[in-house]
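S.K.: Below you'll find coords-v1.txt; it's compact mmCIF, C-alpha atoms (C1' of nucleotides).
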```
# COMPACT_ATOMS: atom_id res chain seq x y z
CA MET A 1 -25.13 17.35 3.07
CA SER A 2 -25.31 14.54 0.57
CA SER A 3 -23.28 16.67 -1.85
CA VAL A 4 -20.05 16.10 0.09
CA LEU A 5 -20.78 12.39 0.46
CA SER A 6 -20.97 11.36 -3.19
CA PRO A 7 -18.62 8.82 -4.82
CA LEU A 8 -15.55 10.04 -6.64
CA PRO A 9 -15.72 9.04 -10.35
CA GLN A 10 -13.67 6.28 -11.95
CA SER A 11 -11.34 8.94 -13.38
CA PHE A 12 -10.00 9.52 -9.86
CA TYR A 13 -8.74 5.93 -9.79
CA ALA A 14 -7.67 5.76 -13.44
CA ARG A 15 -4.30 7.43 -12.80
CA PRO A 16 -0.82 6.24 -11.79
CA VAL A 17 -0.96 4.39 -8.48
CA LEU A 18 1.51 6.73 -6.76
CA THR A 19 -0.62 9.72 -7.76
CA VAL A 20 -3.75 8.11 -6.34
CA ALA A 21 -1.96 7.10 -3.13
CA ARG A 22 -0.89 10.71 -2.62
CA ASP A 23 -4.25 12.24 -3.58
CA VAL A 24 -6.31 9.91 -1.42
CA ILE A 25 -4.88 11.50 1.71
CA GLY A 26 -7.58 13.84 3.01
CA LYS A 27 -10.37 12.20 1.02
CA VAL A 28 -13.30 10.66 2.90
CA LEU A 29 -14.06 6.94 3.06
CA VAL A 30 -17.82 6.39 3.37
CA HIS A 31 -19.79 3.26 4.20
CA VAL A 32 -23.57 3.50 4.25
CA THR A 33 -24.80 0.78 6.61
CA PRO A 34 -28.21 -0.13 8.06
CA GLY A 35 -26.94 1.24 11.35
CA GLY A 36 -25.95 4.61 9.92
CA VAL A 37 -23.36 6.34 7.79
CA LEU A 38 -19.72 5.74 8.63
CA ALA A 39 -17.15 8.27 7.40
CA ALA A 40 -13.48 8.91 8.01
CA ARG A 41 -10.81 11.13 6.50
CA ILE A 42 -8.02 8.98 5.06
CA VAL A 43 -4.75 10.04 6.68
CA GLU A 44 -2.42 7.21 5.58
CA ALA A 45 -2.10 5.06 2.44
CA GLU A 46 0.42 2.99 0.48
CA ALA A 47 0.95 2.24 -3.22
CA TYR A 48 1.50 -1.33 -4.48
CA ARG A 49 2.60 -1.69 -8.10
CA GLY A 50 2.70 -5.19 -9.46
CA PRO A 51 3.90 -7.07 -11.33
CA GLU A 52 7.39 -5.59 -10.78
CA ASP A 53 6.85 -4.56 -7.14
CA ARG A 54 7.92 -7.51 -5.01
CA ALA A 55 5.88 -6.28 -2.03
CA ALA A 56 2.64 -6.46 -4.02
CA HIS A 57 0.36 -9.51 -4.00
CA SER A 58 0.33 -9.21 -7.79
CA TRP A 59 4.12 -9.49 -7.90
CA GLY A 60 5.43 -11.51 -10.82
CA GLY A 61 2.02 -11.38 -12.47
CA ARG A 62 0.44 -13.65 -9.87
CA ARG A 63 -3.14 -13.80 -11.03
CA THR A 64 -5.21 -15.93 -8.71
CA GLU A 65 -8.74 -15.97 -7.35
CA ARG A 66 -7.56 -13.61 -4.62
CA THR A 67 -5.72 -11.08 -6.78
CA GLU A 68 -8.07 -11.22 -9.78
CA VAL A 69 -9.80 -7.90 -9.10
CA MET A 70 -6.48 -6.04 -9.25
CA PHE A 71 -6.12 -7.05 -12.91
CA GLY A 72 -9.49 -5.51 -13.76
CA PRO A 73 -10.53 -1.88 -14.30
CA PRO A 74 -9.80 0.85 -11.72
CA GLY A 75 -12.29 1.97 -9.08
CA PHE A 76 -12.98 -1.41 -7.49
CA ALA A 77 -12.20 -2.75 -4.01
CA TYR A 78 -9.49 -5.32 -3.38
CA VAL A 79 -10.19 -6.74 0.08
CA PHE A 80 -7.97 -9.45 1.53
CA PHE A 81 -7.50 -11.36 4.78
CA VAL A 82 -4.21 -11.59 6.69
CA TYR A 83 -2.73 -13.00 9.87
CA GLY A 84 -5.78 -15.17 10.45
CA MET A 85 -7.89 -12.29 11.73
CA HIS A 86 -7.53 -9.01 9.87
CA TRP A 87 -9.07 -7.56 6.70
CA HIS A 88 -7.39 -4.91 4.55
CA LEU A 89 -9.00 -2.58 2.01
CA ASN A 90 -7.32 -1.51 -1.24
CA LEU A 91 -8.42 0.69 -4.14
CA VAL A 92 -7.68 -0.72 -7.59
CA THR A 93 -6.07 1.97 -9.75
CA THR A 94 -4.50 2.83 -13.10
CA ARG A 95 -6.02 0.73 -15.93
CA GLU A 96 -7.27 -2.73 -16.76
CA GLY A 97 -4.38 -5.17 -16.96
CA ALA A 98 -2.16 -3.17 -14.57
CA PRO A 99 -2.40 -4.86 -11.14
CA HIS A 100 -1.89 -1.72 -9.06
CA ALA A 101 -3.65 -0.87 -5.80
CA VAL A 102 -3.65 1.60 -2.90
CA LEU A 103 -3.87 0.23 0.63
CA LEU A 104 -5.87 2.41 3.03
CA ARG A 105 -3.95 2.29 6.31
CA ALA A 106 -5.63 4.74 8.66
CA GLY A 107 -8.54 7.19 8.93
CA GLU A 108 -9.81 9.93 11.20
CA PRO A 109 -13.51 9.30 12.04
CA ILE A 110 -15.88 12.14 11.19
CA SER A 111 -19.23 10.34 11.33
CA GLY A 112 -20.64 7.15 12.83
CA GLY A 113 -18.17 7.09 15.70
CA ALA A 114 -20.65 5.29 17.95
CA GLN A 115 -21.01 2.36 15.54
CA MET A 116 -17.27 2.18 15.02
CA ALA A 117 -16.73 2.17 18.77
CA ARG A 118 -19.20 -0.70 19.12
CA ARG A 119 -17.44 -2.78 16.47
CA ARG A 120 -14.02 -2.05 17.97
CA LYS A 121 -15.11 -2.34 21.61
CA LEU A 122 -13.52 1.01 22.41
CA ALA A 123 -14.58 4.51 23.40
CA ALA A 124 -15.77 6.72 20.52
CA ASP A 125 -12.85 9.11 20.94
CA ASP A 126 -10.17 6.40 21.13
CA VAL A 127 -7.47 6.81 18.50
CA ARG A 128 -7.18 3.02 18.28
CA LEU A 129 -10.56 2.99 16.54
CA SER A 130 -8.99 3.28 13.08
CA ASN A 131 -5.25 4.04 13.27
CA GLY A 132 -4.22 0.94 11.31
CA PRO A 133 -5.36 -0.99 8.19
CA GLY A 134 -6.96 -3.84 10.12
CA LYS A 135 -8.53 -1.50 12.64
CA LEU A 136 -10.00 0.69 9.89
CA CYS A 137 -11.68 -2.30 8.27
CA GLN A 138 -13.05 -3.59 11.56
CA ALA A 139 -14.41 -0.14 12.46
CA PHE A 140 -16.06 0.13 9.03
CA GLY A 141 -17.41 -3.43 8.99
CA ILE A 142 -15.43 -4.23 5.84
CA ASP A 143 -14.78 -7.91 5.04
CA ARG A 144 -14.95 -10.49 2.22
CA ARG A 145 -18.41 -9.25 1.22
CA HIS A 146 -16.75 -6.10 -0.11
CA TYR A 147 -14.30 -7.90 -2.39
CA GLY A 148 -14.68 -6.52 -5.90
CA VAL A 149 -17.37 -3.90 -5.19
CA ASP A 150 -17.56 -0.95 -7.58
CA LEU A 151 -16.49 2.06 -5.54
CA THR A 152 -18.25 4.48 -7.89
CA CYS A 153 -21.76 3.09 -7.28
CA SER A 154 -21.90 1.16 -4.00
CA SER A 155 -22.65 1.74 -0.34
CA LEU A 156 -18.87 1.79 0.10
CA PHE A 157 -17.05 4.62 -1.65
CA LEU A 158 -14.56 7.45 -1.49
CA SER A 159 -15.89 11.00 -1.38
CA ASP A 160 -14.19 14.27 -2.18
CA ALA A 161 -12.90 16.09 0.88
CA PRO A 162 -14.87 18.86 2.63
CA THR A 163 -11.66 20.11 4.24
CA PRO A 164 -8.14 20.39 2.81
CA ARG A 165 -5.50 18.00 4.00
CA GLY A 166 -2.50 18.99 6.11
CA ARG A 167 1.15 18.67 5.21
CA LEU A 168 2.04 15.46 3.44
CA GLY A 169 4.65 13.02 4.74
CA ARG A 170 6.33 10.12 2.91
CA SER A 171 8.16 7.01 4.08
CA PRO A 172 8.87 3.41 3.16
CA ARG A 173 5.90 1.06 3.40
CA ILE A 174 5.13 -0.81 6.61
CA GLY A 175 5.54 -4.55 7.09
CA VAL A 176 7.14 -5.43 3.75
CA ASP A 177 10.73 -6.11 4.85
CA TYR A 178 10.70 -9.34 2.84
CA ALA A 179 10.54 -7.34 -0.41
CA GLY A 180 14.25 -6.51 -0.68
CA ALA A 181 14.99 -3.23 -2.45
CA TRP A 182 11.26 -2.67 -3.03
CA ALA A 183 10.78 -2.36 0.72
CA GLU A 184 12.81 0.84 0.70
CA LYS A 185 10.71 2.71 -1.82
CA PRO A 186 8.94 5.70 -0.20
CA TRP A 187 5.49 4.67 -1.34
CA ARG A 188 3.69 5.35 1.95
CA PHE A 189 1.91 8.70 2.21
CA PHE A 190 0.44 10.24 5.33
CA GLU A 191 -0.85 13.48 6.78
CA ARG A 192 1.85 14.88 9.03
CA ASP A 193 0.93 15.87 12.56
CA ASN A 194 -2.28 13.83 12.47
CA ARG A 195 -2.65 11.62 15.53
CA TRP A 196 -4.59 8.94 13.64
CA VAL A 197 -1.54 7.97 11.56
CA SER A 198 -0.43 4.46 12.56
CA ARG A 199 3.23 5.41 12.89
CA PRO A 200 4.21 9.09 12.97
CA ARG A 201 7.62 8.42 11.43
CA ALA A 202 9.32 5.72 9.42
CA SER A 203 10.27 2.70 11.46
CA PRO A 204 13.98 2.66 12.39
CA LYS A 205 16.14 0.37 10.30
CA PRO A 206 18.62 -2.07 11.88
CA THR A 207 22.25 -1.11 11.28
C1' DA B 1 -1.23 -33.20 0.60
C1' DG B 2 1.36 -30.37 3.48
C1' DG B 3 3.42 -26.46 5.31
C1' DA B 4 5.16 -21.86 5.62
C1' DA B 5 4.39 -17.10 5.79
C1' DG B 6 1.75 -13.22 6.00
C1' DA B 7 0.56 -5.27 3.42
C1' DT B 8 -1.52 -6.91 11.91
C1' DC B 9 -3.16 -6.33 16.51
C1' DC B 10 -3.16 -6.81 21.38
C1' DG B 11 -1.70 -7.78 25.95
C1' DC B 12 1.94 -8.44 28.93
C1' DT B 13 6.69 -7.46 30.65
C1' DG C 1 9.82 -4.84 22.95
C1' DC C 2 8.03 -9.57 22.26
C1' DG C 3 5.25 -13.35 21.12
C1' DG C 4 0.70 -15.54 20.48
C1' DA C 5 -3.59 -15.58 17.99
C1' DT C 6 -5.69 -17.61 13.84
C1' DC C 7 -6.64 -19.07 8.94
C1' DT C 8 -6.38 -18.20 3.98
C1' DT C 9 -3.59 -18.57 0.12
C1' DC C 10 -0.06 -20.19 -2.51
C1' DC C 11 4.01 -22.82 -3.59
C1' DT C 12 6.50 -27.12 -3.24
C1' DG C 13 7.15 -31.92 -3.37
```
Kindly present the structure from the file in structure tokens form.
M.R.:
Amino acid sequence: MSSVLSPLPQSFYARPVLTVARDVIGKVLVHVTPGGVLAARIVEAEAYRGPEDRAAHSWGGRRTERTEVMFGPPGFAYVFFVYGMHWHLNLVTTREGAPHAVLLRAGEPISGGAQMARRRKLAADDVRLSNGPGKLCQAFGIDRRHYGVDLTCSSLFLSDAPTPRGRLGRSPRIGVDYAGAWAEKPWRFFERDNRWVSRPRASPKPT
DNA sequence: AGGAAGATCCGCT
DNA sequence: GCGGATCTTCCTG
């Protein structure tokens, strides 16, 4: 049904970043490719709220060629490259001038599993297909070409959910230990008891 | 001009 | 659990 695979409007993104990060859990990420339609329920996401949030790339008002899209209107894709080999996908939120974004960290495949498996070199039922931000992008074929695309009118978009989400979990964000007190903020949201979540619980802290 | 670090993943122990 | 892979981006000197 094409009705369940239509882009959410800009108004979905034009809200506080923590609200969007929470509400995106259970929504469906869709990528229409020549090889077929890829779709996955988002089960894990994180909010990044520059310029005050030290964990955000837009921290301190850093406005560069890379972060530029975050300073624009909501509903666009912020795609960046890390660790020399991984791409990450963010949703720009809130309003123009507020460099806020939601990182999509994991998804549960519901369509196009064969293509995802081919890209990931795994079996179609392997949880490692998309249980992490880099894995999700590789499975979906997302890279620099998707930087700045309008998520309300592109082949890449977020669709409303055909099924309700499960219980919501919260924890500190992953991999931002360098951010001091900001690293402790519980700005990671995930669907509890879903096996596609990258880490079921918050990572233990050293004493 | 140079270098350090990174919103990670994978394979091995 | 640990370290290597791999390269873009940004800050410093």
S.K.: Counting only C-alpha atoms (C1' of nucleotides), which residues of chain A come no farther than 8 Å from chain B, as a PyMOL selection string?
M.R.: chain A and resi 55-56+82-83+86+103+133-134+174-176
S.K.: Quick check, in Å to one decimal: how far apart do CA of Leu38 in chain A and CA of Arg120 in chain A lie?
M.R.: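 Atom-to-atom, CA of Leu38 in chain A and CA of Arg120 in chain A are spaced 13.4 Å apart.
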S.K.: Any idea what the distance is between CA of Trp196 in chain A and CA of Glu46 in chain A?
M.R.: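 Distance reported for this atom pair: 15.3 Å.
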S.K.: Expressed in Å to a single decimal, how great is the separation between CA of Ala14 in chain A and CA of Phe81 in chain A?
M.R.: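 For CA of Ala14 in chain A relative to CA of Phe81 in chain A, the distance reads 25.0 Å.
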S.K.: Determine, for each residue of chain C having at least one atom at most 12 Å from an atom of chain A, the closest pair of atoms and their separation in Å to one decimal, counting only C-alpha atoms (C1' of nucleotides); order by chain and ascending number, as a Markdown table.
M.R.:
```
| residue | atom | partner | partner_atom | distance |
| --- | --- | --- | --- | --- |
| C:DG4 | C1' | A:Tyr83 | CA | 11.4 |
| C:DA5 | C1' | A:Gly84 | CA | 7.9 |
| C:DT6 | C1' | A:Gly84 | CA | 4.2 |
| C:DC7 | C1' | A:Gly84 | CA | 4.3 |
| C:DT8 | C1' | A:Phe81 | CA | 7.0 |
| C:DT9 | C1' | A:Arg66 | CA | 7.9 |
| C:DC10 | C1' | A:Thr64 | CA | 9.1 |
| C:DC11 | C1' | A:Arg62 | CA | 11.7 |
```
S.K.: Can you list, as a list in words, every protein, DNA or RNA residue that comes within 9 Å of Arg95 in chain A when you count only C-alpha atoms (C1' of nucleotides), leaving out same-chain residues fewer than 4 positions away?
M.R.: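 Using only C-alpha atoms (C1' of nucleotides), the neighbours found are Tyr13, Ala14, Arg15, Pro16, Phe71, Gly72, Pro73, Pro74, Pro99 and His100 of chain A.
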S.K.: Gly141 in chain A: which residues within 12 Å, counting all atoms listed in the file, same-chain residues fewer than 3 positions away excluded, as a VMD selection string?
M.R.: chain A and resid 30 to 39 79 86 to 89 112 115 to 120 130 134 to 138 144 to 146 155 to 156
S.K.: Measuring atom to atom with only C-alpha atoms, identify which of A:Pro7, A:Gly26, A:Gly132, A:Pro109 is nearest to Arg199 in chain A.
M.R.: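 For Arg199 in chain A, the nearest of the given residues is A:Gly132.
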S.K.: What are the centre and the three edge lengths of an axis-aligned box that wraps all atoms of chain C in the file, given that 3 Å is added to every side, written as lines of an AutoDock Vina configuration file and rounded to one decimal in Å?
M.R.:
```
center_x = 1.6
center_y = -18.4
center_z = 9.7
size_x = 22.5
size_y = 33.1
size_z = 32.5
```
